[in-house]
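J.: If you scroll down you'll find the structure; I have some questions about it.
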Amino acid sequence: MRVFENIDELVAAKGEHLGHGEWHQVTQEQVNLFADATLDHQWIHIDVEKAKKGPFGGPVAHGYLTISLVPYLVKDIYTVKNIKMGVNYGSNKVRFPQPVLVGSRVRAGVELTEISDIALGKQLVTKVVVEIEGSEKPACVAEIVSVIVP
């Protein structure tokens with residue numbers, strides 16, 4: 001865990017890779033619950049037997065499940081002390097180069113690419129790469145936009 005005592009220390013880290021988070025195993029239960037929450041019940045996600053005969057050799061997580069895990073996957077990579085709050089503001093470029101097979105483990109790496117002043121405080125852009133254990137291709141590459149309020 002990289003700890004920044006204040007926003008100024010974070011600003012000084014612009015351009016740096018901040019580290020990697022812990023591995024998280026994606027389960028069929030998690031995929032099923034996401035399918036229920038989003039009403040996306042495509043067979044490649046929830047029909048285990050049919051998915052075994054499909055193009056990926058088994059059920060895969062929704063791409064949007066993968067991106068929705070980003071706050072969880074980065075929570076142990078860095079923190080900024082002495083602020084009121086941090087808020088997810090959105091995403092810029094998002095790609096899903098490799099599907100995440102159910103049972104796979106994923107983790108995130110974070111690079112702090114941009115910091116700018118806004119009325120509420122600072123707007124950050126981080127490049128987040130969600131890796132799949134044992135795979136050369138990442139599951140997700142995204143520019144995540146956050147706001148930090150001092």
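Labels for the structure tokens follow display order: chains A, B, ..., residues from 1 in each chain, ligands from 1.
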Skipping near chain neighbours, those fewer than 4 positions away, what residues fall within 10 Å of Val74 in chain A using only C-alpha atoms, listed as a list in words?
T.: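 The residues satisfying every condition are Met1, Leu18, Gly19, His20, Gly21, Glu22, Leu69, Val70, Tyr78, Thr79, Arg107, Ala108, Gly109, Val110, Val128 and Val130 of chain A.
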J.: Can I get the selection written as a PDB file, in the first residue's frame, with N, CA, C and O atoms?
T.:
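Okay, selection06.pdb is ready:
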```
ATOM      1  N   MET A   1       0.854  -1.188   0.000  1.00  0.00           N
ATOM      2  CA  MET A   1       0.000   0.000   0.000  1.00  0.00           C
ATOM      3  C   MET A   1       0.887   1.235   0.000  1.00  0.00           C
ATOM      4  O   MET A   1       1.735   1.403   0.866  1.00  0.00           O
ATOM      5  N   LEU A  18       1.958   3.101  -9.363  1.00  0.00           N
ATOM      6  CA  LEU A  18       1.724   3.104  -7.915  1.00  0.00           C
ATOM      7  C   LEU A  18       1.720   1.710  -7.302  1.00  0.00           C
ATOM      8  O   LEU A  18       1.708   1.576  -6.085  1.00  0.00           O
ATOM      9  N   GLY A  19       1.714   0.679  -8.125  1.00  0.00           N
ATOM     10  CA  GLY A  19       1.781  -0.678  -7.600  1.00  0.00           C
ATOM     11  C   GLY A  19       0.664  -1.562  -8.115  1.00  0.00           C
ATOM     12  O   GLY A  19      -0.100  -1.188  -9.008  1.00  0.00           O
ATOM     13  N   HIS A  20       0.596  -2.758  -7.519  1.00  0.00           N
ATOM     14  CA  HIS A  20      -0.406  -3.768  -7.862  1.00  0.00           C
ATOM     15  C   HIS A  20      -1.201  -4.146  -6.622  1.00  0.00           C
ATOM     16  O   HIS A  20      -0.667  -4.137  -5.514  1.00  0.00           O
ATOM     17  N   GLY A  21      -2.454  -4.489  -6.835  1.00  0.00           N
ATOM     18  CA  GLY A  21      -3.307  -4.940  -5.750  1.00  0.00           C
ATOM     19  C   GLY A  21      -3.213  -6.449  -5.549  1.00  0.00           C
ATOM     20  O   GLY A  21      -2.421  -7.140  -6.192  1.00  0.00           O
ATOM     21  N   GLU A  22      -4.056  -6.937  -4.683  1.00  0.00           N
ATOM     22  CA  GLU A  22      -4.116  -8.369  -4.384  1.00  0.00           C
ATOM     23  C   GLU A  22      -4.899  -9.097  -5.468  1.00  0.00           C
ATOM     24  O   GLU A  22      -5.722  -8.510  -6.162  1.00  0.00           O
ATOM     25  N   LEU A  69     -15.171  -4.063 -10.892  1.00  0.00           N
ATOM     26  CA  LEU A  69     -14.288  -4.522  -9.811  1.00  0.00           C
ATOM     27  C   LEU A  69     -13.128  -3.564  -9.554  1.00  0.00           C
ATOM     28  O   LEU A  69     -12.437  -3.686  -8.549  1.00  0.00           O
ATOM     29  N   VAL A  70     -12.910  -2.603 -10.445  1.00  0.00           N
ATOM     30  CA  VAL A  70     -11.743  -1.727 -10.317  1.00  0.00           C
ATOM     31  C   VAL A  70     -11.656  -1.038  -8.949  1.00  0.00           C
ATOM     32  O   VAL A  70     -10.588  -1.057  -8.326  1.00  0.00           O
ATOM     33  N   TYR A  78      -3.168   2.252  -3.211  1.00  0.00           N
ATOM     34  CA  TYR A  78      -2.742   3.555  -2.695  1.00  0.00           C
ATOM     35  C   TYR A  78      -3.897   4.210  -1.938  1.00  0.00           C
ATOM     36  O   TYR A  78      -5.058   3.881  -2.136  1.00  0.00           O
ATOM     37  N   THR A  79      -3.517   5.140  -1.064  1.00  0.00           N
ATOM     38  CA  THR A  79      -4.504   5.937  -0.338  1.00  0.00           C
ATOM     39  C   THR A  79      -3.934   7.329  -0.131  1.00  0.00           C
ATOM     40  O   THR A  79      -2.714   7.511  -0.102  1.00  0.00           O
ATOM     41  N   ARG A 107      -6.034  -9.088 -10.869  1.00  0.00           N
ATOM     42  CA  ARG A 107      -5.533  -8.020 -10.000  1.00  0.00           C
ATOM     43  C   ARG A 107      -5.334  -6.788 -10.854  1.00  0.00           C
ATOM     44  O   ARG A 107      -5.266  -6.869 -12.085  1.00  0.00           O
ATOM     45  N   ALA A 108      -5.213  -5.637 -10.198  1.00  0.00           N
ATOM     46  CA  ALA A 108      -5.037  -4.381 -10.917  1.00  0.00           C
ATOM     47  C   ALA A 108      -3.668  -3.786 -10.638  1.00  0.00           C
ATOM     48  O   ALA A 108      -3.119  -3.932  -9.547  1.00  0.00           O
ATOM     49  N   GLY A 109      -3.161  -3.105 -11.639  1.00  0.00           N
ATOM     50  CA  GLY A 109      -1.996  -2.244 -11.506  1.00  0.00           C
ATOM     51  C   GLY A 109      -2.436  -0.830 -11.852  1.00  0.00           C
ATOM     52  O   GLY A 109      -3.318  -0.639 -12.694  1.00  0.00           O
ATOM     53  N   VAL A 110      -1.843   0.179 -11.186  1.00  0.00           N
ATOM     54  CA  VAL A 110      -2.273   1.566 -11.369  1.00  0.00           C
ATOM     55  C   VAL A 110      -1.084   2.464 -11.677  1.00  0.00           C
ATOM     56  O   VAL A 110      -0.068   2.424 -10.985  1.00  0.00           O
ATOM     57  N   VAL A 128      -5.467   2.028 -15.386  1.00  0.00           N
ATOM     58  CA  VAL A 128      -5.645   0.801 -14.611  1.00  0.00           C
ATOM     59  C   VAL A 128      -5.603  -0.378 -15.580  1.00  0.00           C
ATOM     60  O   VAL A 128      -6.346  -0.407 -16.563  1.00  0.00           O
ATOM     61  N   VAL A 130      -6.131  -4.397 -15.541  1.00  0.00           N
ATOM     62  CA  VAL A 130      -6.576  -5.570 -14.799  1.00  0.00           C
ATOM     63  C   VAL A 130      -5.946  -6.783 -15.458  1.00  0.00           C
ATOM     64  O   VAL A 130      -6.241  -7.109 -16.613  1.00  0.00           O
TER      65      VAL A 130
END
```
J.: For range 79-106 of chain A versus range 57-61 of chain A, which residues have an atom no more than 10 Å away, and what is each residue's nearest atom pair and distance in Å rounded to one decimal, using only C-alpha atoms, chain-then-number order, as CSV?
T.:
```
residue,atom,partner,partner_atom,distance
A:Pro99,CA,A:Val60,CA,6.2
A:Val100,CA,A:Val60,CA,5.3
A:Leu101,CA,A:Val60,CA,4.3
A:Val102,CA,A:Val60,CA,5.3
A:Gly103,CA,A:Val60,CA,9.0
A:Ser104,CA,A:Val60,CA,9.3
```
J.: Considering only C-alpha atoms, return as a list in words whatever protein or nucleic-acid residues lie within 12 Å of Asp36 in chain A, sequence-local ones (same chain, fewer than 5 positions apart) excluded.
T.: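 Returned residues: Glu29, Gln30, Val31, His41, Gln42, His45, Ile46, His62 and Leu65 of chain A.
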J.: Keeping only N, CA, C and O atoms, write the selected residues to a file as a PDB file, in the first residue's frame.
T.:
```
ATOM      1  N   GLU A  29     -20.757 -17.633  -8.894  1.00  0.00           N
ATOM      2  CA  GLU A  29     -21.781 -16.942  -8.108  1.00  0.00           C
ATOM      3  C   GLU A  29     -21.721 -15.436  -8.341  1.00  0.00           C
ATOM      4  O   GLU A  29     -22.757 -14.782  -8.524  1.00  0.00           O
ATOM      5  N   GLN A  30     -20.518 -14.883  -8.362  1.00  0.00           N
ATOM      6  CA  GLN A  30     -20.355 -13.454  -8.601  1.00  0.00           C
ATOM      7  C   GLN A  30     -20.877 -13.086  -9.994  1.00  0.00           C
ATOM      8  O   GLN A  30     -21.581 -12.081 -10.154  1.00  0.00           O
ATOM      9  N   VAL A  31     -20.556 -13.896 -10.989  1.00  0.00           N
ATOM     10  CA  VAL A  31     -21.024 -13.649 -12.357  1.00  0.00           C
ATOM     11  C   VAL A  31     -22.550 -13.736 -12.413  1.00  0.00           C
ATOM     12  O   VAL A  31     -23.213 -12.898 -13.029  1.00  0.00           O
ATOM     13  N   HIS A  41     -28.214 -11.897 -19.077  1.00  0.00           N
ATOM     14  CA  HIS A  41     -28.143 -13.332 -18.821  1.00  0.00           C
ATOM     15  C   HIS A  41     -27.650 -14.117 -20.039  1.00  0.00           C
ATOM     16  O   HIS A  41     -28.070 -15.248 -20.274  1.00  0.00           O
ATOM     17  N   GLN A  42     -26.749 -13.522 -20.815  1.00  0.00           N
ATOM     18  CA  GLN A  42     -26.218 -14.217 -21.985  1.00  0.00           C
ATOM     19  C   GLN A  42     -25.566 -15.530 -21.555  1.00  0.00           C
ATOM     20  O   GLN A  42     -24.884 -15.599 -20.524  1.00  0.00           O
ATOM     21  N   HIS A  45     -22.071 -16.330 -20.008  1.00  0.00           N
ATOM     22  CA  HIS A  45     -21.808 -15.966 -18.614  1.00  0.00           C
ATOM     23  C   HIS A  45     -22.434 -16.956 -17.625  1.00  0.00           C
ATOM     24  O   HIS A  45     -21.807 -17.280 -16.621  1.00  0.00           O
ATOM     25  N   ILE A  46     -23.643 -17.401 -17.894  1.00  0.00           N
ATOM     26  CA  ILE A  46     -24.392 -18.114 -16.853  1.00  0.00           C
ATOM     27  C   ILE A  46     -24.722 -19.580 -17.150  1.00  0.00           C
ATOM     28  O   ILE A  46     -25.049 -20.324 -16.239  1.00  0.00           O
ATOM     29  N   HIS A  62     -18.685 -10.958 -17.296  1.00  0.00           N
ATOM     30  CA  HIS A  62     -19.067  -9.821 -18.123  1.00  0.00           C
ATOM     31  C   HIS A  62     -17.901  -8.820 -18.120  1.00  0.00           C
ATOM     32  O   HIS A  62     -17.260  -8.613 -17.086  1.00  0.00           O
ATOM     33  N   LEU A  65     -18.563  -6.394 -15.503  1.00  0.00           N
ATOM     34  CA  LEU A  65     -18.241  -6.880 -14.162  1.00  0.00           C
ATOM     35  C   LEU A  65     -16.770  -6.602 -13.885  1.00  0.00           C
ATOM     36  O   LEU A  65     -16.409  -6.119 -12.813  1.00  0.00           O
TER      37      LEU A  65
END
```
J.: With a distance cut-off of 9 Å and only C-alpha atoms, select the neighbouring residues of Leu124 in chain A, excluding the residue or stretch itself and same-chain residues fewer than 5 positions from it, and output the selection as a list in words.
T.: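 Residues near the query, excluding close chain neighbours: Leu112, Thr113, Glu114, Ile115, Ser116, Ile144, Val145, Ser146, Val147 and Ile148 of chain A.
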J.: Write out, as a CSV table (one decimal), in the first residue's frame, the residues just selected, with N, CA and C atoms.
T.:
```
chain,number,residue,atom,x,y,z
A,112,LEU,N,-0.5,6.6,-12.3
A,112,LEU,CA,-1.0,8.0,-12.2
A,112,LEU,C,-0.6,8.8,-13.3
A,113,THR,N,-1.5,9.1,-14.3
A,113,THR,CA,-1.1,9.7,-15.5
A,113,THR,C,-1.4,11.2,-15.6
A,114,GLU,N,-2.4,11.6,-15.0
A,114,GLU,CA,-2.8,13.1,-15.0
A,114,GLU,C,-3.3,13.5,-13.7
A,115,ILE,N,-3.1,14.8,-13.4
A,115,ILE,CA,-3.7,15.5,-12.2
A,115,ILE,C,-4.0,16.9,-12.7
A,116,SER,N,-5.2,17.3,-12.4
A,116,SER,CA,-5.5,18.7,-12.8
A,116,SER,C,-6.4,19.3,-11.7
A,144,ILE,N,-9.2,5.6,-15.7
A,144,ILE,CA,-10.2,5.9,-14.7
A,144,ILE,C,-10.1,7.3,-14.2
A,145,VAL,N,-11.2,8.1,-14.1
A,145,VAL,CA,-11.1,9.4,-13.7
A,145,VAL,C,-11.7,9.5,-12.3
A,146,SER,N,-11.0,10.2,-11.4
A,146,SER,CA,-11.5,10.3,-10.0
A,146,SER,C,-11.3,11.8,-9.6
A,147,VAL,N,-12.1,12.1,-8.5
A,147,VAL,CA,-12.0,13.5,-8.0
A,147,VAL,C,-11.6,13.3,-6.5
A,148,ILE,N,-10.6,14.1,-6.1
A,148,ILE,CA,-10.2,14.1,-4.7
A,148,ILE,C,-10.6,15.5,-4.1
```
J.: For Val106 in chain A, which of A:Cys140, A:Ile83, A:Ile77, A:Ala12 is the closest residue, counting only C-alpha atoms?
T.: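 Counting only C-alpha atoms, the residue closest to Val106 in chain A is A:Cys140.
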J.: Determine which residues of range 32-142 of chain A receive a DSSP assignment of strand (DSSP E or B), computed from the backbone, and state them as number ranges by chain.
T.: A: 60, 78-80, 85-95, 101, 105-118, 121-132, 140-142
J.: If we count only C-alpha atoms, what is near Ala142 in chain A at a cut-off of 7 Å, once residues fewer than 4 positions away on the same chain are taken out, given as a list in words?
T.: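 Using only C-alpha atoms, the neighbours found are Ser91, Asn92, Lys93, Val94, Arg95, Lys127, Val128 and Val129 of chain A.
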J.: Kindly provide the residues of range 63-88 of chain A that approach range 135-138 of chain A to within 12 Å, each paired with its closest atom pair and their distance in Å to one decimal, based on only C-alpha atoms, listed by chain and increasing number, as JSON lines.
T.:
```
{"residue": "A:Gly63", "atom": "CA", "partner": "A:Pro138", "partner_atom": "CA", "distance": 11.8}
{"residue": "A:Thr66", "atom": "CA", "partner": "A:Pro138", "partner_atom": "CA", "distance": 10.9}
{"residue": "A:Ile67", "atom": "CA", "partner": "A:Pro138", "partner_atom": "CA", "distance": 12.0}
```
J.: Deliver the residues from the most recent selection as a file, using N, CA and C atoms, as a compact mmCIF listing (two decimals), in the first residue's frame.
T.:
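Final output, saved to part02.txt:
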```txt
# COMPACT_ATOMS: atom_id res chain seq x y z
N GLY A 63 -17.68 -8.16 -19.26
CA GLY A 63 -16.67 -7.11 -19.28
C GLY A 63 -16.98 -6.03 -18.26
N THR A 66 -15.93 -6.88 -14.86
CA THR A 66 -14.50 -6.65 -14.69
C THR A 66 -14.21 -5.18 -14.36
N ILE A 67 -14.78 -4.27 -15.13
CA ILE A 67 -14.52 -2.84 -14.86
C ILE A 67 -15.15 -2.42 -13.53
```
J.: Just list the residues in range 12-93 of chain A DSSP gives alpha helix (DSSP H) on the backbone, as a PyMOL selection string.
T.: chain A and resi 12+28-38+43-46+48-52+63-68+70-74
J.: Save out the residues we just selected, N, CA, C and O atoms, as a tab-separated table (two decimals), in the first residue's frame.
T.:
```tsv
chain	number	residue	atom	x	y	z
A	12	ALA	N	3.06	14.96	-6.66
A	12	ALA	CA	4.47	14.70	-6.95
A	12	ALA	C	4.68	13.32	-7.58
A	12	ALA	O	5.72	13.07	-8.19
A	28	GLN	N	-18.38	-18.15	-10.21
A	28	GLN	CA	-19.63	-18.25	-10.97
A	28	GLN	C	-20.75	-17.54	-10.21
A	28	GLN	O	-21.60	-16.90	-10.83
A	29	GLU	N	-20.76	-17.63	-8.89
A	29	GLU	CA	-21.78	-16.94	-8.11
A	29	GLU	C	-21.72	-15.44	-8.34
A	29	GLU	O	-22.76	-14.78	-8.52
A	30	GLN	N	-20.52	-14.88	-8.36
A	30	GLN	CA	-20.36	-13.45	-8.60
A	30	GLN	C	-20.88	-13.09	-9.99
A	30	GLN	O	-21.58	-12.08	-10.15
A	31	VAL	N	-20.56	-13.90	-10.99
A	31	VAL	CA	-21.02	-13.65	-12.36
A	31	VAL	C	-22.55	-13.74	-12.41
A	31	VAL	O	-23.21	-12.90	-13.03
A	32	ASN	N	-23.12	-14.74	-11.76
A	32	ASN	CA	-24.59	-14.89	-11.76
A	32	ASN	C	-25.28	-13.71	-11.09
A	32	ASN	O	-26.31	-13.22	-11.58
A	33	LEU	N	-24.73	-13.26	-9.98
A	33	LEU	CA	-25.31	-12.11	-9.28
A	33	LEU	C	-25.22	-10.85	-10.14
A	33	LEU	O	-26.15	-10.04	-10.17
A	34	PHE	N	-24.10	-10.68	-10.85
A	34	PHE	CA	-23.95	-9.53	-11.74
A	34	PHE	C	-24.97	-9.63	-12.88
A	34	PHE	O	-25.58	-8.63	-13.26
A	35	ALA	N	-25.15	-10.83	-13.41
A	35	ALA	CA	-26.14	-11.04	-14.47
A	35	ALA	C	-27.53	-10.66	-13.98
A	35	ALA	O	-28.29	-9.99	-14.70
A	36	ASP	N	-27.86	-11.05	-12.76
A	36	ASP	CA	-29.17	-10.70	-12.20
A	36	ASP	C	-29.31	-9.19	-12.00
A	36	ASP	O	-30.36	-8.61	-12.30
A	37	ALA	N	-28.24	-8.56	-11.52
A	37	ALA	CA	-28.30	-7.12	-11.26
A	37	ALA	C	-28.42	-6.31	-12.54
A	37	ALA	O	-29.08	-5.26	-12.55
A	38	THR	N	-27.82	-6.78	-13.62
A	38	THR	CA	-27.80	-6.01	-14.87
A	38	THR	C	-28.78	-6.54	-15.92
A	38	THR	O	-28.89	-5.94	-17.00
A	43	TRP	N	-25.75	-16.55	-22.36
A	43	TRP	CA	-25.31	-17.90	-22.00
A	43	TRP	C	-23.82	-18.01	-21.74
A	43	TRP	O	-23.39	-18.84	-20.94
A	44	ILE	N	-22.98	-17.19	-22.39
A	44	ILE	CA	-21.53	-17.30	-22.17
A	44	ILE	C	-21.14	-16.95	-20.73
A	44	ILE	O	-20.04	-17.27	-20.29
A	45	HIS	N	-22.07	-16.33	-20.01
A	45	HIS	CA	-21.81	-15.97	-18.61
A	45	HIS	C	-22.43	-16.96	-17.62
A	45	HIS	O	-21.81	-17.28	-16.62
A	46	ILE	N	-23.64	-17.40	-17.89
A	46	ILE	CA	-24.39	-18.11	-16.85
A	46	ILE	C	-24.72	-19.58	-17.15
A	46	ILE	O	-25.05	-20.32	-16.24
A	48	VAL	N	-23.24	-22.77	-17.68
A	48	VAL	CA	-21.91	-23.38	-17.54
A	48	VAL	C	-21.70	-24.47	-18.59
A	48	VAL	O	-20.66	-24.52	-19.25
A	49	GLU	N	-22.67	-25.37	-18.75
A	49	GLU	CA	-22.51	-26.48	-19.69
A	49	GLU	C	-22.40	-26.01	-21.13
A	49	GLU	O	-21.54	-26.46	-21.88
A	50	LYS	N	-23.25	-25.10	-21.53
A	50	LYS	CA	-23.20	-24.57	-22.89
A	50	LYS	C	-21.90	-23.78	-23.11
A	50	LYS	O	-21.27	-23.88	-24.17
A	51	ALA	N	-21.49	-23.02	-22.09
A	51	ALA	CA	-20.27	-22.21	-22.21
A	51	ALA	C	-19.02	-23.08	-22.36
A	51	ALA	O	-18.06	-22.69	-23.02
A	52	LYS	N	-19.04	-24.29	-21.77
A	52	LYS	CA	-17.89	-25.19	-21.91
A	52	LYS	C	-17.68	-25.57	-23.37
A	52	LYS	O	-16.55	-25.84	-23.80
A	63	GLY	N	-17.68	-8.16	-19.26
A	63	GLY	CA	-16.67	-7.11	-19.28
A	63	GLY	C	-16.98	-6.03	-18.26
A	63	GLY	O	-16.10	-5.53	-17.57
A	64	TYR	N	-18.28	-5.70	-18.15
A	64	TYR	CA	-18.65	-4.65	-17.20
A	64	TYR	C	-18.53	-5.10	-15.75
A	64	TYR	O	-18.36	-4.27	-14.86
A	65	LEU	N	-18.56	-6.39	-15.50
A	65	LEU	CA	-18.24	-6.88	-14.16
A	65	LEU	C	-16.77	-6.60	-13.89
A	65	LEU	O	-16.41	-6.12	-12.81
A	66	THR	N	-15.93	-6.88	-14.86
A	66	THR	CA	-14.50	-6.65	-14.69
A	66	THR	C	-14.21	-5.18	-14.36
A	66	THR	O	-13.50	-4.88	-13.40
A	67	ILE	N	-14.78	-4.27	-15.13
A	67	ILE	CA	-14.52	-2.84	-14.86
A	67	ILE	C	-15.15	-2.42	-13.53
A	67	ILE	O	-14.60	-1.57	-12.83
A	68	SER	N	-16.27	-3.03	-13.16
A	68	SER	CA	-16.90	-2.65	-11.89
A	68	SER	C	-16.07	-3.12	-10.69
A	68	SER	O	-16.25	-2.61	-9.58
A	70	VAL	N	-12.91	-2.60	-10.45
A	70	VAL	CA	-11.74	-1.73	-10.32
A	70	VAL	C	-11.66	-1.04	-8.95
A	70	VAL	O	-10.59	-1.06	-8.33
A	71	PRO	N	-12.72	-0.43	-8.42
A	71	PRO	CA	-12.57	0.19	-7.09
A	71	PRO	C	-12.10	-0.81	-6.02
A	71	PRO	O	-11.26	-0.47	-5.18
A	72	TYR	N	-12.61	-2.02	-6.08
A	72	TYR	CA	-12.18	-3.06	-5.13
A	72	TYR	C	-10.73	-3.46	-5.37
A	72	TYR	O	-9.94	-3.59	-4.43
A	73	LEU	N	-10.37	-3.64	-6.63
A	73	LEU	CA	-9.02	-4.11	-6.96
A	73	LEU	C	-7.93	-3.08	-6.67
A	73	LEU	O	-6.78	-3.44	-6.45
A	74	VAL	N	-8.28	-1.79	-6.67
A	74	VAL	CA	-7.26	-0.76	-6.43
A	74	VAL	C	-7.24	-0.26	-4.99
A	74	VAL	O	-6.33	0.49	-4.62
```
J.: Using only C-alpha atoms, which of the listed residues (A:Glu143, A:His24, A:Asp8, A:Gly15) sits closest to Asp117 in chain A?
T.: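 Checking each candidate against Asp117 in chain A, we get A:Asp8 as the closest.
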J.: With distances taken over only C-alpha atoms, which of A:Gly86, A:Pro97, A:Leu39, A:Val141 is nearest to Lys122 in chain A?
T.: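 Result for the nearest residue to Lys122 in chain A: A:Gly86.
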J.: Using only C-alpha atoms, pick whichever of A:Pro150, A:Gln123, A:Phe56, A:His17 has the shortest atom-to-atom distance to Tyr89 in chain A.
T.: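 Checking each candidate against Tyr89 in chain A, we get A:Gln123 as the closest.
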J.: What is the distance between CA of Glu16 in chain A and CA of Lys75 in chain A, in Å to one decimal?
T.: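 Calculated distance between CA of Glu16 in chain A and CA of Lys75 in chain A is 17.1 Å.
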J.: Would you work out the distance separating CA of Lys81 in chain A from CA of Val11 in chain A, expressed in Å to one decimal?
T.: 13.1 Å
J.: Could you check how far CA of Phe96 in chain A sits from CA of Leu10 in chain A, in Å to one decimal?
T.: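 Between CA of Phe96 in chain A and CA of Leu10 in chain A the gap works out to 28.1 Å.
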